[in-house]
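So this block is work-v7.pdb, PDB, C-alpha atoms:
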ATOM      1  CA  MET A   1       5.329  -1.109  -9.756
ATOM      2  CA  ASP A   2       2.301   0.394  -8.026
ATOM      3  CA  THR A   3       2.212  -1.024  -4.520
ATOM      4  CA  ARG A   4      -0.705   1.234  -3.559
ATOM      5  CA  ARG A   5      -3.011  -1.315  -5.191
ATOM      6  CA  LEU A   6      -2.226  -3.572  -2.244
ATOM      7  CA  LEU A   7      -4.825  -1.695  -0.184
ATOM      8  CA  GLN A   8      -7.683  -2.616  -2.551
ATOM      9  CA  ALA A   9      -6.509  -6.044  -3.702
ATOM     10  CA  PRO A  10      -8.445  -9.033  -2.287
ATOM     11  CA  HIS A  11      -6.479 -11.592  -0.304
ATOM     12  CA  ARG A  12      -7.200 -14.892   1.398
ATOM     13  CA  CYS A  13      -7.204 -13.388   4.893
ATOM     14  CA  GLN A  14     -10.067 -10.976   4.335
ATOM     15  CA  THR A  15     -13.045 -11.444   6.628
ATOM     16  CA  ASP A  16     -16.124  -9.286   6.173
ATOM     17  CA  GLY A  17     -16.823  -7.197   9.249
ATOM     18  CA  ALA A  18     -13.537  -8.025  11.017
ATOM     19  CA  PRO A  19     -12.320  -5.041  13.053
ATOM     20  CA  PRO A  20      -9.013  -3.521  11.898
ATOM     21  CA  ILE A  21      -6.026  -4.242  14.114
ATOM     22  CA  ALA A  22      -4.706  -1.156  15.900
ATOM     23  CA  THR A  23      -1.150  -0.375  14.883
ATOM     24  CA  ASP A  24      -0.426   0.929  18.382
ATOM     25  CA  GLY A  25      -2.011  -2.034  20.193
ATOM     26  CA  LEU A  26      -0.258  -4.716  22.193
ATOM     27  CA  LEU A  27      -0.278  -7.268  19.385
ATOM     28  CA  ALA A  28       1.324  -4.822  16.954
ATOM     29  CA  ARG A  29       3.946  -3.849  19.539
ATOM     30  CA  ALA A  30       4.706  -7.494  20.332
ATOM     31  CA  VAL A  31       5.057  -8.341  16.634
ATOM     32  CA  ILE A  32       7.467  -5.450  16.125
ATOM     33  CA  ALA A  33       9.458  -6.577  19.168
ATOM     34  CA  ALA A  34       9.621 -10.126  17.842
ATOM     35  CA  GLU A  35      10.119  -9.553  14.134
ATOM     36  CA  ASP A  36      11.454  -6.078  13.368
ATOM     37  CA  GLN A  37      12.543  -3.842  16.230
ATOM     38  CA  ARG A  38      13.806  -1.101  13.912
ATOM     39  CA  PHE A  39      10.595  -1.053  11.875
ATOM     40  CA  PHE A  40       9.953   2.653  12.376
ATOM     41  CA  GLU A  41      13.548   3.567  11.525
ATOM     42  CA  HIS A  42      14.530   1.614   8.399
ATOM     43  CA  PRO A  43      13.587   2.292   4.741
ATOM     44  CA  GLY A  44      12.218  -1.223   4.143
ATOM     45  CA  TYR A  45      15.434  -3.134   4.718
ATOM     46  CA  ASP A  46      17.731  -3.106   7.727
ATOM     47  CA  LEU A  47      21.449  -3.675   7.171
ATOM     48  CA  ILE A  48      22.223  -3.145  10.853
ATOM     49  CA  GLU A  49      19.736  -5.825  11.877
ATOM     50  CA  TRP A  50      21.037  -8.171   9.186
ATOM     51  CA  GLN A  51      24.590  -7.860  10.534
ATOM     52  CA  HIS A  52      23.414  -8.250  14.132
ATOM     53  CA  SER A  53      21.290 -11.282  13.285
ATOM     54  CA  LEU A  54      24.153 -12.922  11.417
ATOM     55  CA  ARG A  55      26.538 -12.495  14.357
ATOM     56  CA  GLN A  56      23.902 -13.655  16.855
ATOM     57  CA  ASN A  57      23.052 -16.769  14.886
ATOM     58  CA  GLN A  58      26.685 -17.664  14.304
ATOM     59  CA  GLN A  59      27.418 -17.354  18.018
ATOM     60  CA  ALA A  60      24.356 -19.411  18.904
ATOM     61  CA  ARG A  61      25.461 -22.220  16.618
ATOM     62  CA  ALA A  62      29.006 -22.067  17.992
ATOM     63  CA  ASP A  63      27.623 -22.368  21.523
ATOM     64  CA  GLY A  64      25.318 -25.228  20.556
ATOM     65  CA  ARG A  65      22.213 -23.116  21.231
ATOM     66  CA  PRO A  66      19.154 -22.765  18.963
ATOM     67  CA  SER A  67      19.846 -20.107  16.352
ATOM     68  CA  ARG A  68      17.606 -17.547  14.622
ATOM     69  CA  LEU A  69      16.044 -15.977  17.699
ATOM     70  CA  ARG A  70      15.615 -13.037  15.360
ATOM     71  CA  GLY A  71      15.666 -13.003  11.572
ATOM     72  CA  ALA A  72      16.908 -10.277   9.240
ATOM     73  CA  SER A  73      13.833  -9.715   7.057
ATOM     74  CA  THR A  74      11.863  -6.604   7.943
ATOM     75  CA  LEU A  75       8.087  -6.599   8.290
ATOM     76  CA  THR A  76       7.975  -4.685   5.008
ATOM     77  CA  GLN A  77       9.952  -7.404   3.255
ATOM     78  CA  GLN A  78       7.729 -10.075   4.779
ATOM     79  CA  LEU A  79       4.646  -8.224   3.520
ATOM     80  CA  ALA A  80       6.185  -7.991   0.059
ATOM     81  CA  LYS A  81       6.694 -11.765   0.115
ATOM     82  CA  LEU A  82       3.109 -12.383   1.258
ATOM     83  CA  ALA A  83       1.509  -9.980  -1.218
ATOM     84  CA  PHE A  84       3.711  -9.996  -4.313
ATOM     85  CA  THR A  85       6.681 -12.338  -4.627
ATOM     86  CA  GLY A  86       5.848 -15.628  -2.908
ATOM     87  CA  ASP A  87       8.486 -17.583  -1.029
ATOM     88  CA  ASP A  88      10.604 -19.200  -3.751
ATOM     89  CA  ARG A  89      14.169 -19.575  -2.509
ATOM     90  CA  THR A  90      15.871 -17.750  -5.368
ATOM     91  CA  ALA A  91      18.089 -14.689  -5.575
ATOM     92  CA  LEU A  92      15.700 -13.093  -8.084
ATOM     93  CA  ARG A  93      12.803 -13.409  -5.645
ATOM     94  CA  LYS A  94      14.828 -11.766  -2.873
ATOM     95  CA  ILE A  95      15.755  -8.873  -5.168
ATOM     96  CA  ARG A  96      12.112  -8.374  -6.155
ATOM     97  CA  GLU A  97      11.110  -8.559  -2.487
ATOM     98  CA  LEU A  98      13.596  -5.824  -1.632
ATOM     99  CA  LEU A  99      12.404  -3.588  -4.474
ATOM    100  CA  TYR A 100       8.766  -4.012  -3.454
ATOM    101  CA  ALA A 101       9.669  -3.285   0.175
ATOM    102  CA  VAL A 102      11.384  -0.009  -0.699
ATOM    103  CA  GLU A 103       8.475   1.017  -2.927
ATOM    104  CA  MET A 104       5.888   0.209  -0.241
ATOM    105  CA  GLU A 105       7.743   2.320   2.292
ATOM    106  CA  GLN A 106       7.420   5.279  -0.066
ATOM    107  CA  SER A 107       3.878   4.702  -1.323
ATOM    108  CA  LEU A 108       2.095   3.314   1.755
ATOM    109  CA  GLY A 109       3.968   4.462   4.843
ATOM    110  CA  LYS A 110       4.639   2.641   8.090
ATOM    111  CA  ALA A 111       1.116   2.531   9.547
ATOM    112  CA  ARG A 112      -0.459   1.013   6.436
ATOM    113  CA  ILE A 113       2.381  -1.468   6.011
ATOM    114  CA  LEU A 114       2.019  -2.632   9.603
ATOM    115  CA  GLN A 115      -1.757  -2.964   9.361
ATOM    116  CA  GLN A 116      -1.553  -4.877   6.083
ATOM    117  CA  TYR A 117       1.022  -7.217   7.582
ATOM    118  CA  LEU A 118      -1.101  -7.881  10.657
ATOM    119  CA  GLN A 119      -4.088  -8.643   8.427
ATOM    120  CA  ARG A 120      -2.228 -11.083   6.150
ATOM    121  CA  VAL A 121       0.451 -12.982   8.045
ATOM    122  CA  PRO A 122      -0.123 -16.758   8.573
ATOM    123  CA  TRP A 123      -0.461 -17.795  12.229
ATOM    124  CA  GLY A 124      -0.572 -21.583  12.080
ATOM    125  CA  GLU A 125      -3.475 -24.072  11.933
ATOM    126  CA  GLY A 126      -4.805 -22.312   8.839
ATOM    127  CA  GLN A 127      -5.243 -19.012  10.672
ATOM    128  CA  CYS A 128      -4.423 -15.866   8.763
ATOM    129  CA  GLY A 129      -4.095 -12.412  10.296
ATOM    130  CA  GLY A 130      -3.978 -11.259  13.888
ATOM    131  CA  GLN A 131      -7.729 -11.027  14.455
ATOM    132  CA  ALA A 132      -8.297 -14.622  13.358
ATOM    133  CA  ALA A 133      -5.342 -15.797  15.449
ATOM    134  CA  ALA A 134      -6.575 -14.022  18.582
ATOM    135  CA  GLN A 135     -10.038 -15.534  18.175
ATOM    136  CA  HIS A 136      -8.717 -18.997  17.361
ATOM    137  CA  TYR A 137      -6.162 -19.353  20.143
ATOM    138  CA  PHE A 138      -7.677 -17.213  22.907
ATOM    139  CA  GLY A 139     -11.305 -16.582  21.987
ATOM    140  CA  VAL A 140     -10.936 -12.777  22.122
ATOM    141  CA  ASP A 141     -10.537  -9.915  19.657
ATOM    142  CA  ALA A 142      -6.984  -8.805  18.917
ATOM    143  CA  ALA A 143      -7.719  -5.534  20.727
ATOM    144  CA  ASP A 144      -8.473  -7.455  23.938
ATOM    145  CA  LEU A 145      -5.279  -9.530  24.127
ATOM    146  CA  ASN A 146      -3.276  -9.084  27.308
ATOM    147  CA  PRO A 147       0.546  -8.740  27.185
ATOM    148  CA  ALA A 148       1.254 -12.434  27.760
ATOM    149  CA  GLN A 149      -1.186 -13.487  25.030
ATOM    150  CA  ALA A 150       0.183 -10.919  22.579
ATOM    151  CA  ALA A 151       3.733 -12.079  23.276
ATOM    152  CA  TRP A 152       2.813 -15.724  22.725
ATOM    153  CA  LEU A 153       1.188 -14.923  19.382
ATOM    154  CA  ALA A 154       4.148 -12.808  18.285
ATOM    155  CA  ALA A 155       6.537 -15.589  19.289
ATOM    156  CA  MET A 156       4.621 -18.000  17.048
ATOM    157  CA  LEU A 157       5.450 -16.003  13.911
ATOM    158  CA  HIS A 158       8.982 -17.370  14.034
ATOM    159  CA  ARG A 159       7.634 -20.797  12.913
ATOM    160  CA  PRO A 160       3.834 -20.611  13.044
ATOM    161  CA  ASP A 161       2.910 -24.112  11.895
ATOM    162  CA  TYR A 162       5.491 -25.759  14.132
ATOM    163  CA  HIS A 163       4.484 -23.728  17.170
ATOM    164  CA  ALA A 164       0.777 -24.326  16.538
ATOM    165  CA  ARG A 165       1.368 -28.098  16.496
ATOM    166  CA  GLN A 166       3.451 -27.877  19.663
ATOM    167  CA  TRP A 167       0.805 -25.750  21.345
ATOM    168  CA  ARG A 168      -1.942 -28.218  20.425
ATOM    169  CA  GLY A 169       0.076 -31.114  21.799
ATOM    170  CA  THR A 170       1.577 -29.640  24.975
ATOM    171  CA  GLY A 171      -0.372 -26.482  25.843
ATOM    172  CA  GLN A 172       2.593 -24.164  25.373
ATOM    173  CA  ILE A 173       5.064 -23.007  22.746
ATOM    174  CA  ASP A 174       8.758 -22.155  22.946
ATOM    175  CA  LEU A 175       8.999 -20.562  26.375
ATOM    176  CA  THR A 176      12.496 -19.234  25.678
ATOM    177  CA  ARG A 177      11.338 -17.261  22.665
ATOM    178  CA  ALA A 178       8.168 -16.048  24.393
ATOM    179  CA  ARG A 179      10.220 -14.712  27.292
ATOM    180  CA  TRP A 180      12.567 -13.086  24.797
ATOM    181  CA  VAL A 181       9.640 -11.276  23.143
ATOM    182  CA  LEU A 182       8.423 -10.046  26.533
ATOM    183  CA  ASP A 183      11.930  -8.868  27.385
ATOM    184  CA  GLN A 184      12.045  -6.847  24.164
ATOM    185  CA  LEU A 185       8.719  -5.230  25.024
ATOM    186  CA  ARG A 186       9.897  -4.429  28.520
ATOM    187  CA  ALA A 187      13.082  -2.893  27.107
ATOM    188  CA  ARG A 188      11.015  -0.449  25.009
ATOM    189  CA  PRO A 189       8.559   1.077  27.511
ATOM    190  CA  ARG A 190       8.275   4.245  25.442
ATOM    191  CA  ASP A 191       6.370   2.200  22.850
ATOM    192  CA  LEU A 192       3.610   1.318  25.346
ATOM    193  CA  THR A 193       0.692   3.505  26.330
ATOM    194  CA  PRO A 194      -0.001   4.075  30.063
ATOM    195  CA  ARG A 195      -2.878   1.571  29.854
ATOM    196  CA  GLN A 196      -0.619  -1.013  28.222
ATOM    197  CA  ARG A 197       2.042  -0.498  30.892
ATOM    198  CA  ALA A 198      -0.604  -1.063  33.573
ATOM    199  CA  GLN A 199      -1.696  -4.272  31.829
ATOM    200  CA  TRP A 200       1.938  -5.347  31.604
ATOM    201  CA  GLN A 201       2.502  -4.991  35.326
ATOM    202  CA  GLY A 202      -0.609  -6.999  36.152
ATOM    203  CA  ARG A 203      -0.299  -9.844  33.641
ATOM    204  CA  LEU A 204       3.287 -11.054  33.654
ATOM    205  CA  GLU A 205       2.421 -14.012  35.867
ATOM    206  CA  GLN A 206       0.402 -15.460  32.983
ATOM    207  CA  LEU A 207       3.555 -16.231  31.034
ATOM    208  CA  GLY A 208       4.093 -19.544  32.840
ATOM    209  CA  ARG A 209       1.600 -21.830  31.111
ATOM    210  CA  PRO A 210      -1.056 -19.914  29.179
ATOM    211  CA  ARG A 211      -3.573 -22.365  27.770
ATOM    212  CA  PRO A 212      -4.920 -21.861  24.249
ATOM    213  CA  GLN A 213      -8.708 -21.878  23.964
ATOM    214  CA  GLY A 214     -10.980 -23.103  21.198
ATOM    215  CA  LYS A 215      -9.553 -25.556  18.678
ATOM    216  CA  ALA A 216      -6.072 -25.515  20.145
ATOM    217  CA  GLY A 217      -7.222 -26.148  23.725
TER     218      GLY A 217
END
Target encoding structure tokens, full file:
Amino acid sequence: MDTRRLLQAPHRCQTDGAPPIATDGLLARAVIAAEDQRFFEHPGYDLIEWQHSLRQNQQARADGRPSRLRGASTLTQQLAKLAFTGDDRTALRKIRELLYAVEMEQSLGKARILQQYLQRVPWGEGQCGGQAAAQHYFGVDAADLNPAQAAWLAAMLHRPDYHARQWRGTGQIDLTRARWVLDQLRARPRDLTPRQRAQWQGRLEQLGRPRPQGKAG
């Protein structure tokens, strides 16, 4: 398999003239915090995270709390599903997804994988990719999101269509998960630039009830 062709292959999220999403920006950091905290350490799959997620979800169910605060699929595996394998619930598809993920880690590298993911991932209400999501929900470029906005968008990836419908109807999404994403960002200050840390300190109060703009407002 030649996963390098992913960089040239057309996809439904492409928008002519759209600025690339910075892989060290707040949205990228929030997505990593929400979806794959060991992204820069694993080879495409994460056995440690899988075991941790399994224990966490089992305990949540035993306690009667919502489960799956964090899934086990890495960003690389999610990109493989988006670009190559689809989402059929079969063992063969999962094996192919894993093989593609390992190959992409070797052929593309972390930065390209992260950028491709941010350009392709569905974000609810027909939005695809982080730039479209930032414009749709907040009316700004992805590069101009503040920490609260980035955390809300990252929290949506857990169940994007569900959260988009909830946001349209109530003006907010799952506050528990959004706070969890912000806590993960706060726990990893080394991943933030000095400018991002300054934004963080000045914007936390916006977590309460951020209002989506545009179509979701």
Original post:
Which neighbours of A:Tyr45 fall inside 9 Å, counting all atoms listed in the file, when residues of the same chain fewer than 3 positions from it are skipped, and could you give them as a PyMOL selection string?
Top reply: chain A and resi 39+42+49-50+72-77+98+101-102
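Checking A:Lys94, A:Arg168, A:His52, A:His158 one by one against A:Val181, counting only C-alpha atoms, you find the shortest gap at A:His158.
Here atom CA of A:Ala33 is placed at a distance of 8.2 Å from atom CA of A:Ala154.
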Fewer than 5 positions away in the same chain doesn't count, so skip those; otherwise give me all residues within 12 Å of A:Gly124, counting only C-alpha atoms, as an mmCIF file with C-alpha atoms, in the coordinates of the input.
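out_7.cif written:
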data_model
loop_
_atom_site.group_PDB
_atom_site.id
_atom_site.type_symbol
_atom_site.label_atom_id
_atom_site.label_comp_id
_atom_site.auth_asym_id
_atom_site.auth_seq_id
_atom_site.Cartn_x
_atom_site.Cartn_y
_atom_site.Cartn_z
ATOM 1 C CA GLY A 129 -4.095 -12.412 10.296
ATOM 2 C CA GLY A 130 -3.978 -11.259 13.888
ATOM 3 C CA ALA A 132 -8.297 -14.622 13.358
ATOM 4 C CA ALA A 133 -5.342 -15.797 15.449
ATOM 5 C CA ALA A 134 -6.575 -14.022 18.582
ATOM 6 C CA HIS A 136 -8.717 -18.997 17.361
ATOM 7 C CA TYR A 137 -6.162 -19.353 20.143
ATOM 8 C CA LEU A 153 1.188 -14.923 19.382
ATOM 9 C CA ALA A 154 4.148 -12.808 18.285
ATOM 10 C CA ALA A 155 6.537 -15.589 19.289
ATOM 11 C CA MET A 156 4.621 -18.000 17.048
ATOM 12 C CA LEU A 157 5.450 -16.003 13.911
ATOM 13 C CA HIS A 158 8.982 -17.370 14.034
ATOM 14 C CA ARG A 159 7.634 -20.797 12.913
ATOM 15 C CA PRO A 160 3.834 -20.611 13.044
ATOM 16 C CA ASP A 161 2.910 -24.112 11.895
ATOM 17 C CA TYR A 162 5.491 -25.759 14.132
ATOM 18 C CA HIS A 163 4.484 -23.728 17.170
ATOM 19 C CA ALA A 164 0.777 -24.326 16.538
ATOM 20 C CA ARG A 165 1.368 -28.098 16.496
ATOM 21 C CA GLN A 166 3.451 -27.877 19.663
ATOM 22 C CA TRP A 167 0.805 -25.750 21.345
ATOM 23 C CA ARG A 168 -1.942 -28.218 20.425
ATOM 24 C CA LYS A 215 -9.553 -25.556 18.678
ATOM 25 C CA ALA A 216 -6.072 -25.515 20.145
#
Subject >> Residues matched by the PyMOL selection byres ((chain A and resi 116) around 10) as a VMD selection string >> reply: chain A and resid 6 to 7 20 to 21 23 76 79 83 108 110 to 115 117 to 121 129
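The spacing separating atom CA of A:Gln184 from atom CA of A:Ala34 amounts to 7.5 Å.
Here atom CA of A:Leu26 stands at a distance of 9.3 Å from atom CA of A:Gln149.
Closest approach to A:Leu182 from the set A:Thr170, A:Ser107, A:Val140, A:Pro147 is made by A:Pro147, with distances taken over all atoms listed in the file.
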Original post:
A:Ala22: which residues within 9 Å, counting all atoms listed in the file, same-chain residues fewer than 6 positions away excluded, as a PyMOL selection string?
Top reply: chain A and resi 28+115+142-143
